[in-house]
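Chemist: Below is a structure I'd like to ask you about.
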There are 2 protein chains.
Amino acid sequence: MKTRNVEDTQFDFLVSALHHGSFISTSDILAWMKEQNERVNSEITQIPISKLKDWTYKDDRIRHKSGKFYSIDGINIKTNYGITPEWDQPIINQPEIGFLGFIVKKFNGVVHFLMQAKIEPGNLNIVQLSPTLQATRSNYTRVHNGVAPNYLEYFTGKMPVTKLVDQLQSEQGARFLQKRNRNIIIEVAENEDIEVKENFIWVTLGQIKELLRYPNIINMDTRTVISCIKFGNYSESTLRLLSVFQNHNKLLTSKSESFLYSVLSATNHLHDTQDIIQWISALKFKYELEVSKIGISEMTCWNYDGDTIHHEDNKYFDVIGVNVQIGNREVVAWDQPMVRSAQEGVMGFLVKKINGIYHFLVQAKLESGNFDIVEMAPTVQCLTGNYRTGENEYSIPYLEYFLGAKTENIWYSTHQSEEGGRFFQEQNLNLIVEVGDEFPIDVEENYCWMTLNQMLSFVTYNNYLNIAARSLLSAISFY
Amino acid sequence: MKTRNVEDTQFDFLVSALHHGSFISTSDILAWMKEQNERVNSEITQIPISKLKDWTYKDDRIRHKSGKFYSIDGINIKTNYGITPEWDQPIINQPEIGFLGFIVKKFNGVVHFLMQAKIEPGNLNIVQLSPTLQATRSNYTRVHNGVAPNYLEYFTGKMPVTKLVDQLQSEQGARFLQKRNRNIIIEVAENEDIEVKENFIWVTLGQIKELLRYPNIINMDTRTVISCIKFGNYSESTLRLLSVFQNHNKLLTSKSESFLYSVLSATNHLHDTQDIIQWISALKFKYELEVSKIGISEMTCWNYDGDTIHHEDNKYFDVIGVNVQIGNREVVAWDQPMVRSAQEGVMGFLVKKINGIYHFLVQAKLESGNFDIVEMAPTVQCLTGNYRTGENEYSIPYLEYFLGAKTENIWYSTHQSEEGGRFFQEQNLNLIVEVGDEFPIDVEENYCWMTLNQMLSFVTYNNYLNIAARSLLSAISFY
């Protein structure tokens with residue numbers, strides 16, 4: 001595959017992020033999504049795990065009879081991070097790297113993303129906007145020779161395309177055992193025709209960010225892929241930018257221009273990147289994470305009764321069986337285990353202007369399935385639990401700044417879904433809250449202030465930011 | 001710990017790399033090392049593994065009776081990389097992150113490194129120059145409350161120091177199961193006194209690089225720490241450099257100035273860094289690496305007879321028992337298992353001038369103990385096997401360019417040791433060979449041309465370059 005000049009690509013993405021779309025307005029997309037939803041017939045029924053067709057409880061874990069897809073395993077965790085030195089839990093074990101790919105194409109000079117209105121059994125609203133292609137590695141390499149997914153041929157080197165992004169990124173570390181996905185964006189040439197199949201649609205990055213203001217429209221896979229996009233390193237001379245804004249119908253007011261700079265700036269950061277690497281290296285050395293596979297029946301505090309795998313106090317999450325009957329034209333049916341959260345979660349970044357530039361308060365967080373001990377997480381990432389009533393098991397640093405935030409300081413507050421292929425109707429509140437001068441610059445050992453530009457640089461090198469942090473990054477609008 | 005301006009630090013390291021030392025000439029260091037060696041009494045005797053004091057064969061693996069240190073386990077590997085889809089092998093399992101630390105201090109404005117003449121049982125010549133501190137995580141955190149290693153207090157935050165480097169880097173992926181070390185460099189202020197203890201010595205980076213021209217003087221731990229040093233991003237305006245060279249006694253001739261630029265340049269690379277990330281991401285997606293722990297007795301093609309663990313054809317390596325009696329003033333004795341290579345290995349980079357800048361041919365290599373499937377390795381990294389007689393099991397790409405290199409194209413050709421705490425008298429030939437216009441720019445899928453500046457950037461982000469590649473980087477002189 002061809003590649004192209006990185007600076008040009010980043011600049012093109014920035015223009016796309018500031019553009020409201022060539023083909024369909026954002027409100028029409030919402031109407032179209034509603035229509036897509038109404039056309040779907042779906043019946044999602046919880047059934048006992050022991051009754052799941054094609055799934056079996058064998059070798060003390062839940063697996064597909066073919067040995068493919070994924071399994072539900074037990075793990076034991078020992079760590080010196082946090083207040084719980086040891087625990088057991090079920091986890092999704094899916095060793096294959098998944099494939100999440102966007103096709104993009106410029107129309108009138110503006111990059112548009114080919115999105116799919118995709119049906120997933122766990123989605124609260126069944127249909128959400130997903131990348132052009134979601135595939136397992138087996139789908140991708142077609143080892144099973146099934147029906148090829150739509151547009152697969154554009155990603156396998158058979159068509160002339162230009163690769164813009166190709167990164168490996170982690171999934172939910174508390175639910176997946178070291179699972180990663182390949183996040184990829186390829187570009188089809190402006191003069192190349194490409195069929196828009198049913199349920200597909202061209203939108204700009206600006207529209208995706210607009211749609212992210214609505215709950216549960218943009219799926220997690222889309223959010224993780226677009227979080228991999230860098231927008232370039234801009235200094236105070238944003239002149240080149242300004243000239244382009246004018247070409248694009250004066251998208252920005254002078255107020256939003258200064259906001260754009262203070263978010264995207266490549267300078268004036270509080271900590272140098274090398275110092276941030278030293279910070280995270282020291283924490284990876286400090287914290288131990290020892291994960292051993294155990295049988296489901298061996299897990300302390302967890303029970304499998306043939307129906308669900310659940311915590312004895314019904315905390316955290318459970319694993320349930322689901323019978324799926326779903327489709328628009330053609331209804332297909334299958335069974336699968338899914339993870340169902342016991343509570344809604346909160347993931348939020350605090351933002352503070354330091355040296356005239358917005359900095360995000362990043363947490364180094366250890367999760368059981370993490371590939372590399374700790375990853376960079378939002379300031380707060382937790383199950384809501386009983387914290388509203390003050391009966392939580394432990395205090396969560398900085399949570400009060402989210403709960404008590406004044407409306408004018410809330411940049412972003414929207415419910416977004418976890419991936420609907422594995423998670424049953426799970427949504428979490430995504431929050432970005434600005435804090436002022438009263439908030440200290442000095443923070444605890446596990447926290448560090450970074451600019452958006454720095455976070456996006458770490459994303460590039462894979463496995464640094466966790467999926468919750470990336471989900472929030474994807475929601476940041478530049479105006 | 002304090003940190004300081006990154007550009008200044010990088011520039012200081014460059015000056016140190018060009019300096020021949022303030023206290024002792026390089027030839028005097030060699031004489032001093034000879035003396036250190038002669039003062040050591042050592043008796044290293046191979047004994048049967050079953051006779052090792054304090055070690056036991058239990059749960060089908062070899063482990064220390066205390067459960068500490070490391071164990072020798074069996075693993076089964078399945079992969080679609082290379083020509084062997086499945087094999088078993090013994091591996092060193094040492095889950096603790098090791099600690100390799102240098103204290104540096106400026107004398108007359110030039111950074112000097114505090115090195116230790118360290119005794120290791122596996123060293124061919126017993127004593128080699130090592131970092132100021134080599135410690136296990138338990139040593140470091142002093143969980144066992146033994147005697148504190150020399151200078152430990154400088155690394156634990158008790159003394160006022162400035163941290164210059166702090167990274168996690170991998171060890172030998174074919175011998176260690178996902179082992180990593182923390183590589184750290186801290187600086188003591190110029191006006192701060194620090195005692196030089198017996199067997200310690202101050203040297204510049206330029207002297208370390210000079211000593212790397214001699215076989216088996218600089219140990220592997222030193223090589224990996226100094227490979228983490230970045231020297232800055234220099235454009236064609238090397239004026240700032242030149243003015244400093246003049247201050248430092250005109251170290252460079254005009255010829256070596258141009259060499260310096262063509263090695264260190266931050267521009268004119270063939271591939272953008274983003275494209276290199278895409279290249280390695282695609283290969284991590286392509287190649288599978290499935291490692292399962294198995295018992296020593298379960299390994300196909302390997303036998304443990306109470307004496308050694310060896311391959312049935314005596315290939316690759318074996319695990320032996322060693323009785324160690326060693327010391328200068330005070331002789332200490334212990335037993336331990338060690339890994340002994342069946343043959344000498346070769347690790348070599350091909351270098352080629354492209355766009356006026358030297359590029360290194362990097363290989364994406366999968367090894368069984370790798371933390372993340374493939375790492376960036378030298379162009380060639382292999383056991384010598386029977387390749388000289390043409391009876392090798394498989395052909396090794398580009399090997400002929402090393403074997404047939406003309407003297408004037410050989411930048412570097414020296415034997416260097418693996419770490420003497422685990423590897424028994426193992427040395428490998430380290431080679432850097434320049435190729436000319438006849439060598440193609442287009443290379444196979446698993447290979448990629450990178451500049452030194454690019455490789456050093458990847459080192460920064462941890463787990464990208466393997467230890468063989470880093471060992472070679474550490475040997476590159478700039479004049």
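All residue names refer to the structure tokens as shown: chains lettered A, B, ... in order, residues numbered from 1 in each chain, ligands numbered from 1 in order.
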Set out as JSON lines a contact list for chain B and chain A with a cut-off of 6 Å, giving each residue of chain B that qualifies its closest atom pair and distance in Å to one decimal, counting only C-alpha atoms, ordered by chain and rising residue number.
Modeler:
```
{"residue": "B:Asp166", "atom": "CA", "partner": "A:Gln278", "partner_atom": "CA", "distance": 4.7}
{"residue": "B:Gln167", "atom": "CA", "partner": "A:Ser281", "partner_atom": "CA", "distance": 5.5}
{"residue": "B:Gln278", "atom": "CA", "partner": "A:Asp166", "partner_atom": "CA", "distance": 4.7}
{"residue": "B:Ser281", "atom": "CA", "partner": "A:Gln167", "partner_atom": "CA", "distance": 5.5}
```
Chemist: Find the residues around B:Pro397 up to 10 Å (only C-alpha atoms counted), leave out those fewer than 3 positions away in its own chain, and share them as an NGL selection string.
Modeler: :B and (379-380 or 394 or 400-401 or 444)
Chemist: Applying 9 Å and only C-alpha atoms, which residues near B:Tyr140 remain after dropping the ones on its own chain fewer than 4 positions away? List them as a list in words.
Modeler: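 So the residues in contact are Gly98, Phe99, Ala135, Thr136, Ala148, Pro149, Leu152, Phe155 and Thr156 of chain B.
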Chemist: Name all residues at most 12 Å from B:Gln89 (count only C-alpha atoms; drop same-chain ones fewer than 5 positions away) and give them as a ChimeraX atom specification.
Modeler: /B:72-78,174-177,291-304,309-312,315-319,367-369
Chemist: Quick one: pull the distance between atom CA of B:Lys51 and atom CA of B:Val324, Å, one decimal.
Modeler: 13.1 Å
Chemist: To one decimal place in Å, what is the distance between atom CA of B:Lys353 and atom CA of B:Val433?
Modeler: 11.7 Å
Chemist: Neighbouring residues of stretch 196-205 of chain A were defined as those with any atom within 8 Å, considering only C-alpha atoms; residues of the same chain fewer than 3 positions away were excluded. Please report them as a list of chain:residue names.
Modeler: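 Close residues of stretch 196-205 of chain A: A:Phe13, A:Ser16, A:Ala17, A:Leu18, A:His19, A:His20, A:Gly21, A:Ser22, A:Phe23, A:Ile24, A:Gln36, A:Val110, A:Val111, A:His112, A:Phe113, A:Leu114, A:Met115, A:Gln116, A:Ala117, A:Lys118, A:Thr132, A:Ile208, A:Lys209.
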Chemist: Please write the residues from the selection above to a file, keeping C-alpha atoms, as a CSV table (one decimal), in the first residue's frame.
Modeler:
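Ended up saving to part-v9.csv:
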```
chain,number,residue,atom,x,y,z
A,13,PHE,CA,-7.9,15.3,9.1
A,16,SER,CA,-12.4,17.2,8.1
A,17,ALA,CA,-12.8,17.6,11.8
A,18,LEU,CA,-13.9,21.2,11.2
A,19,HIS,CA,-16.3,20.4,8.4
A,20,HIS,CA,-20.0,19.7,8.6
A,21,GLY,CA,-20.3,17.3,5.7
A,22,SER,CA,-21.0,17.4,1.9
A,23,PHE,CA,-23.8,14.9,1.5
A,24,ILE,CA,-26.1,14.7,4.4
A,36,GLN,CA,-32.4,2.1,10.2
A,110,VAL,CA,-12.6,17.3,2.4
A,111,VAL,CA,-12.0,13.8,3.8
A,112,HIS,CA,-15.2,11.8,4.4
A,113,PHE,CA,-15.5,8.6,6.3
A,114,LEU,CA,-17.5,5.6,5.0
A,115,MET,CA,-19.6,4.6,8.0
A,116,GLN,CA,-21.9,1.6,8.4
A,117,ALA,CA,-25.2,1.5,10.4
A,118,LYS,CA,-24.3,-1.7,12.1
A,132,THR,CA,-16.5,0.6,7.3
A,208,ILE,CA,-18.8,12.2,13.8
A,209,LYS,CA,-17.8,14.6,16.6
```
Chemist: Which residues, written as a ChimeraX atom specification, have at least one atom at most 9 Å from stretch 421-423 of chain A, with only C-alpha atoms counted and residues fewer than 3 positions away on the same chain left out?
Modeler: /A:92,120-123,336-341,417-418,426
